[in-house]
Amino acid sequence: MDTCTPHAVECKDLEGWRSRIPPVDYLASVFRLMGDETRLSLLYLLSQGKFCVHDLAYILNSSVSNVSHHLRLLRAMRVVKSQRQGQRICYELDDEHVEHLLQEAFKHASHP
């Protein structure tokens with residue numbers, strides 16, 4: 001079996017690649033967070049508009065407590081944000097970057 005060794009390329013060129021890898025810990029955490037079906041469903045809904053926790057719980061046929069727990073995790077990772085509107089707290093995606101990430105993910109998932 002043939003194996004590739006670093007000697008096939010200049011090692012100094014390979015060293016340069018090490019320094020180019022950006023910090024990936026936060027991004028890996030975001031992808032792990034999005035790996036949960038409930039949280040991904042919440043993110044999809046929030047990509048469509050603002051919702052309060054009660055509306056989200058109803059749509060997902062889940063408890064308010066469960067949805068609140070997931071929203072708390074999403075908010076802690078700066079993926080969603082909340083805003084008080086009277087007595088209601090409405091949730092939405094944190095910014096357009098999250099929306100683009102979701103759009104691309106769903107586009108990829110529907111691609112044959």
# chains A, B, ... in the order shown; residues from 1 in each chain; ligands from 1
>>> residues_around(residues="Gln103 (chain A)", least_positions_apart="4", cutoff="12 Å", atoms="only C-alpha atoms", output="PDB file with N, CA and C atoms, in the first residue's frame")
ATOM      1  N   LEU A  40     -31.793  22.778  15.293  1.00  0.00           N
ATOM      2  CA  LEU A  40     -31.788  23.074  13.869  1.00  0.00           C
ATOM      3  C   LEU A  40     -33.182  23.487  13.400  1.00  0.00           C
ATOM      4  N   LEU A  43     -33.645  27.015  14.537  1.00  0.00           N
ATOM      5  CA  LEU A  43     -32.887  27.936  13.682  1.00  0.00           C
ATOM      6  C   LEU A  43     -33.581  28.133  12.343  1.00  0.00           C
ATOM      7  N   TYR A  44     -34.129  27.054  11.800  1.00  0.00           N
ATOM      8  CA  TYR A  44     -34.872  27.198  10.540  1.00  0.00           C
ATOM      9  C   TYR A  44     -36.044  28.166  10.738  1.00  0.00           C
ATOM     10  N   LEU A  45     -36.825  27.945  11.779  1.00  0.00           N
ATOM     11  CA  LEU A  45     -37.972  28.815  12.029  1.00  0.00           C
ATOM     12  C   LEU A  45     -37.534  30.261  12.222  1.00  0.00           C
ATOM     13  N   LEU A  46     -36.466  30.454  12.978  1.00  0.00           N
ATOM     14  CA  LEU A  46     -35.991  31.816  13.232  1.00  0.00           C
ATOM     15  C   LEU A  46     -35.377  32.454  11.987  1.00  0.00           C
ATOM     16  N   SER A  47     -34.988  31.634  11.025  1.00  0.00           N
ATOM     17  CA  SER A  47     -34.504  32.203   9.761  1.00  0.00           C
ATOM     18  C   SER A  47     -35.670  32.750   8.939  1.00  0.00           C
ATOM     19  N   GLN A  48     -36.898  32.357   9.321  1.00  0.00           N
ATOM     20  CA  GLN A  48     -38.092  32.819   8.625  1.00  0.00           C
ATOM     21  C   GLN A  48     -38.721  34.044   9.282  1.00  0.00           C
ATOM     22  N   GLU A  96     -26.803  38.142   9.908  1.00  0.00           N
ATOM     23  CA  GLU A  96     -26.944  37.574   8.563  1.00  0.00           C
ATOM     24  C   GLU A  96     -25.969  36.431   8.299  1.00  0.00           C
ATOM     25  N   HIS A  97     -24.868  36.359   9.048  1.00  0.00           N
ATOM     26  CA  HIS A  97     -23.918  35.260   8.861  1.00  0.00           C
ATOM     27  C   HIS A  97     -24.545  33.926   9.231  1.00  0.00           C
ATOM     28  N   VAL A  98     -25.289  33.926  10.305  1.00  0.00           N
ATOM     29  CA  VAL A  98     -25.973  32.695  10.732  1.00  0.00           C
ATOM     30  C   VAL A  98     -27.006  32.310   9.683  1.00  0.00           C
ATOM     31  N   GLU A  99     -27.722  33.304   9.174  1.00  0.00           N
ATOM     32  CA  GLU A  99     -28.723  33.037   8.148  1.00  0.00           C
ATOM     33  C   GLU A  99     -28.080  32.445   6.886  1.00  0.00           C
ATOM     34  N   LYS A 107     -29.465  24.203   1.548  1.00  0.00           N
ATOM     35  CA  LYS A 107     -29.274  24.055   0.101  1.00  0.00           C
ATOM     36  C   LYS A 107     -28.453  22.801  -0.178  1.00  0.00           C
ATOM     37  N   HIS A 108     -27.405  22.600   0.604  1.00  0.00           N
ATOM     38  CA  HIS A 108     -26.562  21.424   0.423  1.00  0.00           C
ATOM     39  C   HIS A 108     -27.351  20.141   0.709  1.00  0.00           C
ATOM     40  N   ALA A 109     -28.171  20.170   1.754  1.00  0.00           N
ATOM     41  CA  ALA A 109     -28.934  18.977   2.129  1.00  0.00           C
ATOM     42  C   ALA A 109     -29.958  18.602   1.069  1.00  0.00           C
ATOM     43  N   SER A 110     -30.467  19.576   0.333  1.00  0.00           N
ATOM     44  CA  SER A 110     -31.484  19.280  -0.689  1.00  0.00           C
ATOM     45  C   SER A 110     -30.863  18.985  -2.046  1.00  0.00           C
TER      46      SER A 110
END
>>> select_by_dssp(residues="chain A", states="strand (DSSP E)", output="VMD selection string")
chain A and resid 51 to 52 80 to 85 88 to 93
>>> atom_distance(atom1="CA of Val24 (chain A)", atom2="CA of Leu42 (chain A)")
23.9 Å
>>> select_by_dssp(residues="chain A", states="alpha helix (DSSP H)", output="PyMOL selection string")
chain A and resi 11-20+25-34+37-48+53-60+64-76+96-110
>>> residues_around(residues="Ile89 (chain A)", least_positions_apart="2", cutoff="10 Å", atoms="only C-alpha atoms", output="number ranges by chain")
A: 50-54, 81-87, 91
>>> write_last_selection(atoms="N, CA and C atoms", output="PDB file, in the first residue's frame")
ATOM      1  N   LYS A  50     -39.277  36.350  13.452  1.00  0.00           N
ATOM      2  CA  LYS A  50     -39.170  36.404  14.915  1.00  0.00           C
ATOM      3  C   LYS A  50     -40.318  35.614  15.536  1.00  0.00           C
ATOM      4  N   PHE A  51     -39.989  34.891  16.608  1.00  0.00           N
ATOM      5  CA  PHE A  51     -40.995  34.114  17.327  1.00  0.00           C
ATOM      6  C   PHE A  51     -40.730  34.199  18.823  1.00  0.00           C
ATOM      7  N   CYS A  52     -41.798  34.084  19.617  1.00  0.00           N
ATOM      8  CA  CYS A  52     -41.619  33.952  21.063  1.00  0.00           C
ATOM      9  C   CYS A  52     -41.515  32.468  21.390  1.00  0.00           C
ATOM     10  N   VAL A  53     -41.059  32.168  22.588  1.00  0.00           N
ATOM     11  CA  VAL A  53     -40.826  30.779  22.985  1.00  0.00           C
ATOM     12  C   VAL A  53     -42.118  29.962  22.956  1.00  0.00           C
ATOM     13  N   HIS A  54     -43.240  30.582  23.289  1.00  0.00           N
ATOM     14  CA  HIS A  54     -44.515  29.860  23.291  1.00  0.00           C
ATOM     15  C   HIS A  54     -44.918  29.465  21.870  1.00  0.00           C
ATOM     16  N   LYS A  81     -30.543  35.818  19.143  1.00  0.00           N
ATOM     17  CA  LYS A  81     -30.631  36.904  20.127  1.00  0.00           C
ATOM     18  C   LYS A  81     -32.096  37.095  20.489  1.00  0.00           C
ATOM     19  N   SER A  82     -32.318  37.740  21.611  1.00  0.00           N
ATOM     20  CA  SER A  82     -33.685  37.960  22.065  1.00  0.00           C
ATOM     21  C   SER A  82     -33.930  39.451  22.235  1.00  0.00           C
ATOM     22  N   GLN A  83     -35.212  39.801  22.148  1.00  0.00           N
ATOM     23  CA  GLN A  83     -35.599  41.195  22.309  1.00  0.00           C
ATOM     24  C   GLN A  83     -36.969  41.226  22.959  1.00  0.00           C
ATOM     25  N   ARG A  84     -37.084  42.051  23.989  1.00  0.00           N
ATOM     26  CA  ARG A  84     -38.370  42.176  24.676  1.00  0.00           C
ATOM     27  C   ARG A  84     -39.295  43.049  23.840  1.00  0.00           C
ATOM     28  N   GLN A  85     -40.529  42.556  23.645  1.00  0.00           N
ATOM     29  CA  GLN A  85     -41.568  43.315  22.961  1.00  0.00           C
ATOM     30  C   GLN A  85     -42.799  43.285  23.857  1.00  0.00           C
ATOM     31  N   GLY A  86     -42.908  44.291  24.695  1.00  0.00           N
ATOM     32  CA  GLY A  86     -43.975  44.311  25.692  1.00  0.00           C
ATOM     33  C   GLY A  86     -43.689  43.252  26.740  1.00  0.00           C
ATOM     34  N   GLN A  87     -44.633  42.335  26.927  1.00  0.00           N
ATOM     35  CA  GLN A  87     -44.430  41.254  27.888  1.00  0.00           C
ATOM     36  C   GLN A  87     -43.812  40.026  27.246  1.00  0.00           C
ATOM     37  N   TYR A  91     -37.403  35.940  19.749  1.00  0.00           N
ATOM     38  CA  TYR A  91     -36.090  35.454  19.342  1.00  0.00           C
ATOM     39  C   TYR A  91     -35.943  35.595  17.837  1.00  0.00           C
TER      40      TYR A  91
END
